[in-house]
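Asks: Quick one: the structure is below, questions incoming.
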Amino acid sequence: MAAFPHTLSSRLLTGWVGGCVWYLERRTVLESPHKFMHLFRSVNKQWITFQHFKFLRRMYVTQVNKIRNQQVKPKPEPVAPPFLEKMPSGEAKAELDELRPVSSASLSLSTKPNEKELLELESASVIESSIDVDGETKEEKQWREMKLHLDDLPGILARLSKIKLTALVVSTTSAGFALAPGPFDWPCFLLASLGTGLASCAANSINQFFEVPFDSNMNRTKNRPLVRGQISPLLAVSFAACCAVPGVALLTWGVNPLTGALGVFNIFLYTCCYTPLKRMSIANTWVGAVVGAIPPVMGWTAATGSLDAGALLLGGILYSWQFPHFNALSWGLREDYSRGGYCMMSVTHPGLCRRVALRHCLALVGLCIAAPVLDVTTWAFPLVSLPINLYISYLGFRFYKDADRKSSRKLFFCSLWHLPLLLLLMLTCKRRPGREEDKGDAQS
């Protein structure tokens, strides 16, 4: 009898144990199928090892995963044949309608449909669906002129005039009017607030009109109405004129000529100085701070009719507040400003940007101390405003040291609630003229 390679283990054993092992091995070989034996043999006809088992298992798992991935892959979208590409969708459907009855009739004659006919039917349905899809996509992708609906006009004009920024300007004007000495005149207050709001809308609209080619390159401003073409430039300029003329008229003849002159000067400073300077020099930040400092001065002059130390103090507080606010904002938008071609401190002079923000955070503490000296507030105001001023100064210091987006974001969000809270504290600590007169009478 021929010796098999697998009988090697029985040759190593002798006696009764070797005979038993040989019998069991031979029985196993004779009962197992021939293919099973080939699976366990290698090329040189030796027993397969544990490494071979692992290799076979990995090959099996890889093959199964490959098959599953092929099954999961979505079918490609049906493509219309070349003879239907240049045909209109109506003609192609007509051709398919003519072909369809023929294929269905031929199918009804035969008891068992042919494979070729089934393929023709399937291809016809696929072609029809692809023509419908192509027609829809072509209609969707076709350029259409954007029509202006009257329902959308208020929202578009609100975004054109930067309604949130305008609300901030009006609130600072109102604070300046309320902090001014003297009785509170409601008609004058409403006229001053309305005129300042209209002047701000006009300035913001002209600013967006000038910056359309640059706003289209920035992620923050690419959805503005003029950039998207929701309104025409003529309509934007007309809206700015319709806001500027009555706004300046209200401030000049409804309030006083000084407030009207400040309104005209602010519109000119914002549109003709600040806007072009943004692409020329980092001095635009200082000019923009002056623009933001004028509205509370306008509120003060609307109430008193004069420029005095209290008006300059309010303007100084708004002037200093804008540097930590805007520098922290521009730090997170450096890529956008660079893409738009704007010359900002955060892009060209990052170290100066952080230093200026810290300086003006500390300047707010000194300005608050000067308020009772100028008889605008009581001495309680520097004490109650000290915690929030120290906190914004701490965040300005962190921004100066860390120079990252996290610290700039914290400083920016702090500036959003710091200003209204500071103005509210000024109003609560406002010096009342009547109390001083009563004290003087009591002393005499």
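Chain labels follow the order of the structure tokens: the first chain is A, the next B, and so on; residue numbering restarts at 1 in every chain, and ligands are counted from 1 in their shown order.
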Neighbours of Ala199 of chain A within 9 Å (only C-alpha atoms; same-chain residues fewer than 4 positions away dropped), as a ChimeraX atom specification?
Replies: /A:194-195,203-204,240,243-248,263-264,266-267
Asks: Could you state the separation of atom CA of Ala192 of chain A and atom CA of Asn284 of chain A in Å, given to one decimal place?
Replies: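 Between atom CA of Ala192 of chain A and atom CA of Asn284 of chain A the gap works out to 27.2 Å.
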Asks: Counting only C-alpha atoms, what is within 12 Å of Asn207 of chain A, bar same-chain residues fewer than 3 positions away, as a compact mmCIF listing (two decimals) with N, CA and C atoms, in the first residue's frame?
Replies:
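For reference, selection-v7.txt as written:
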# COMPACT_ATOMS: atom_id res chain seq x y z
N LEU A 160 -30.17 96.10 3.50
CA LEU A 160 -29.38 97.12 2.81
C LEU A 160 -28.96 98.22 3.77
N SER A 161 -29.83 98.59 4.68
CA SER A 161 -29.53 99.67 5.63
C SER A 161 -28.86 99.17 6.90
N LYS A 162 -28.54 97.84 6.98
CA LYS A 162 -27.91 97.26 8.18
C LYS A 162 -28.71 97.63 9.42
N SER A 200 -28.46 107.14 9.36
CA SER A 200 -27.67 105.91 9.42
C SER A 200 -28.05 104.95 8.29
N CYS A 201 -29.34 104.83 7.99
CA CYS A 201 -29.76 103.98 6.87
C CYS A 201 -29.17 104.46 5.55
N ALA A 202 -29.15 105.77 5.36
CA ALA A 202 -28.59 106.33 4.12
C ALA A 202 -27.10 106.04 4.02
N ALA A 203 -26.37 106.25 5.10
CA ALA A 203 -24.92 106.01 5.07
C ALA A 203 -24.60 104.53 4.82
N ASN A 204 -25.34 103.64 5.47
CA ASN A 204 -25.08 102.21 5.27
C ASN A 204 -25.42 101.76 3.86
N PHE A 210 -20.99 101.16 -2.73
CA PHE A 210 -19.59 101.31 -3.13
C PHE A 210 -18.81 99.99 -3.02
N GLU A 211 -19.21 99.12 -2.13
CA GLU A 211 -18.40 97.94 -1.83
C GLU A 211 -18.91 96.65 -2.45
N VAL A 212 -19.76 96.73 -3.46
CA VAL A 212 -20.30 95.52 -4.08
C VAL A 212 -19.21 94.60 -4.64
N PRO A 213 -18.24 95.10 -5.44
CA PRO A 213 -17.22 94.18 -5.98
C PRO A 213 -16.33 93.56 -4.92
N PHE A 214 -16.20 94.21 -3.78
CA PHE A 214 -15.33 93.68 -2.72
C PHE A 214 -16.11 92.76 -1.77
N ASP A 215 -17.40 93.08 -1.56
CA ASP A 215 -18.22 92.24 -0.70
C ASP A 215 -18.46 90.86 -1.31
N ARG A 224 -25.28 89.92 0.69
CA ARG A 224 -25.94 91.22 0.78
C ARG A 224 -26.81 91.45 -0.46
N LEU A 226 -27.29 93.81 -2.73
CA LEU A 226 -26.70 94.27 -3.99
C LEU A 226 -25.76 93.23 -4.58
N PRO A 233 -28.71 98.70 -8.37
CA PRO A 233 -27.98 99.82 -7.76
C PRO A 233 -28.75 101.13 -7.77
N ALA A 236 -31.03 101.13 -4.85
CA ALA A 236 -30.29 101.31 -3.60
C ALA A 236 -29.92 102.78 -3.39
N VAL A 237 -29.44 103.44 -4.45
CA VAL A 237 -29.09 104.86 -4.33
C VAL A 237 -30.33 105.72 -4.10
N ALA A 240 -31.24 105.37 -0.50
CA ALA A 240 -30.32 106.16 0.34
C ALA A 240 -30.67 107.65 0.29
N ILE A 267 -22.49 111.38 7.77
CA ILE A 267 -22.75 110.68 6.50
C ILE A 267 -21.55 110.84 5.56
N PHE A 268 -21.03 112.06 5.47
CA PHE A 268 -19.87 112.30 4.62
C PHE A 268 -18.65 111.52 5.11
N LEU A 269 -18.42 111.52 6.42
CA LEU A 269 -17.25 110.84 6.97
C LEU A 269 -17.31 109.33 6.73
N TYR A 270 -18.51 108.76 6.83
CA TYR A 270 -18.66 107.31 6.68
C TYR A 270 -18.56 106.88 5.22
N THR A 271 -19.19 107.63 4.32
CA THR A 271 -19.26 107.21 2.92
C THR A 271 -18.05 107.65 2.10
N CYS A 272 -17.54 108.84 2.36
CA CYS A 272 -16.48 109.40 1.53
C CYS A 272 -15.09 109.29 2.13
N CYS A 273 -14.98 109.01 3.41
CA CYS A 273 -13.65 108.87 4.04
C CYS A 273 -13.40 107.45 4.53
N TYR A 274 -14.30 106.95 5.37
CA TYR A 274 -14.09 105.62 5.95
C TYR A 274 -14.15 104.52 4.88
N THR A 275 -15.14 104.58 4.00
CA THR A 275 -15.32 103.50 3.01
C THR A 275 -14.12 103.37 2.07
N PRO A 276 -13.61 104.43 1.43
CA PRO A 276 -12.42 104.24 0.58
C PRO A 276 -11.14 103.95 1.37
N LEU A 277 -11.06 104.46 2.61
CA LEU A 277 -9.85 104.21 3.41
C LEU A 277 -9.69 102.74 3.79
N LYS A 278 -10.77 101.99 3.78
CA LYS A 278 -10.70 100.57 4.15
C LYS A 278 -9.79 99.79 3.21
Asks: Distance atom CA of Ala328 of chain A-atom CA of His360 of chain A, one decimal place?
Replies: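 Going from atom CA of Ala328 of chain A over to atom CA of His360 of chain A covers 12.3 Å.
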Asks: Give the alpha helix (DSSP H) residues of segment 215-295 of chain A, as DSSP finds them on the backbone, and put them as a VMD selection string.
Replies: chain A and resid 215 225 to 228 233 to 249 257 to 268 275 to 277 284 to 295
Asks: Please determine, counting only C-alpha atoms, which residue among A:Ser306, A:Asn219, A:Thr285, A:Thr166 has the shortest atom-to-atom distance to Pro257 of chain A.
Replies: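 Nearest to Pro257 of chain A: A:Ser306.
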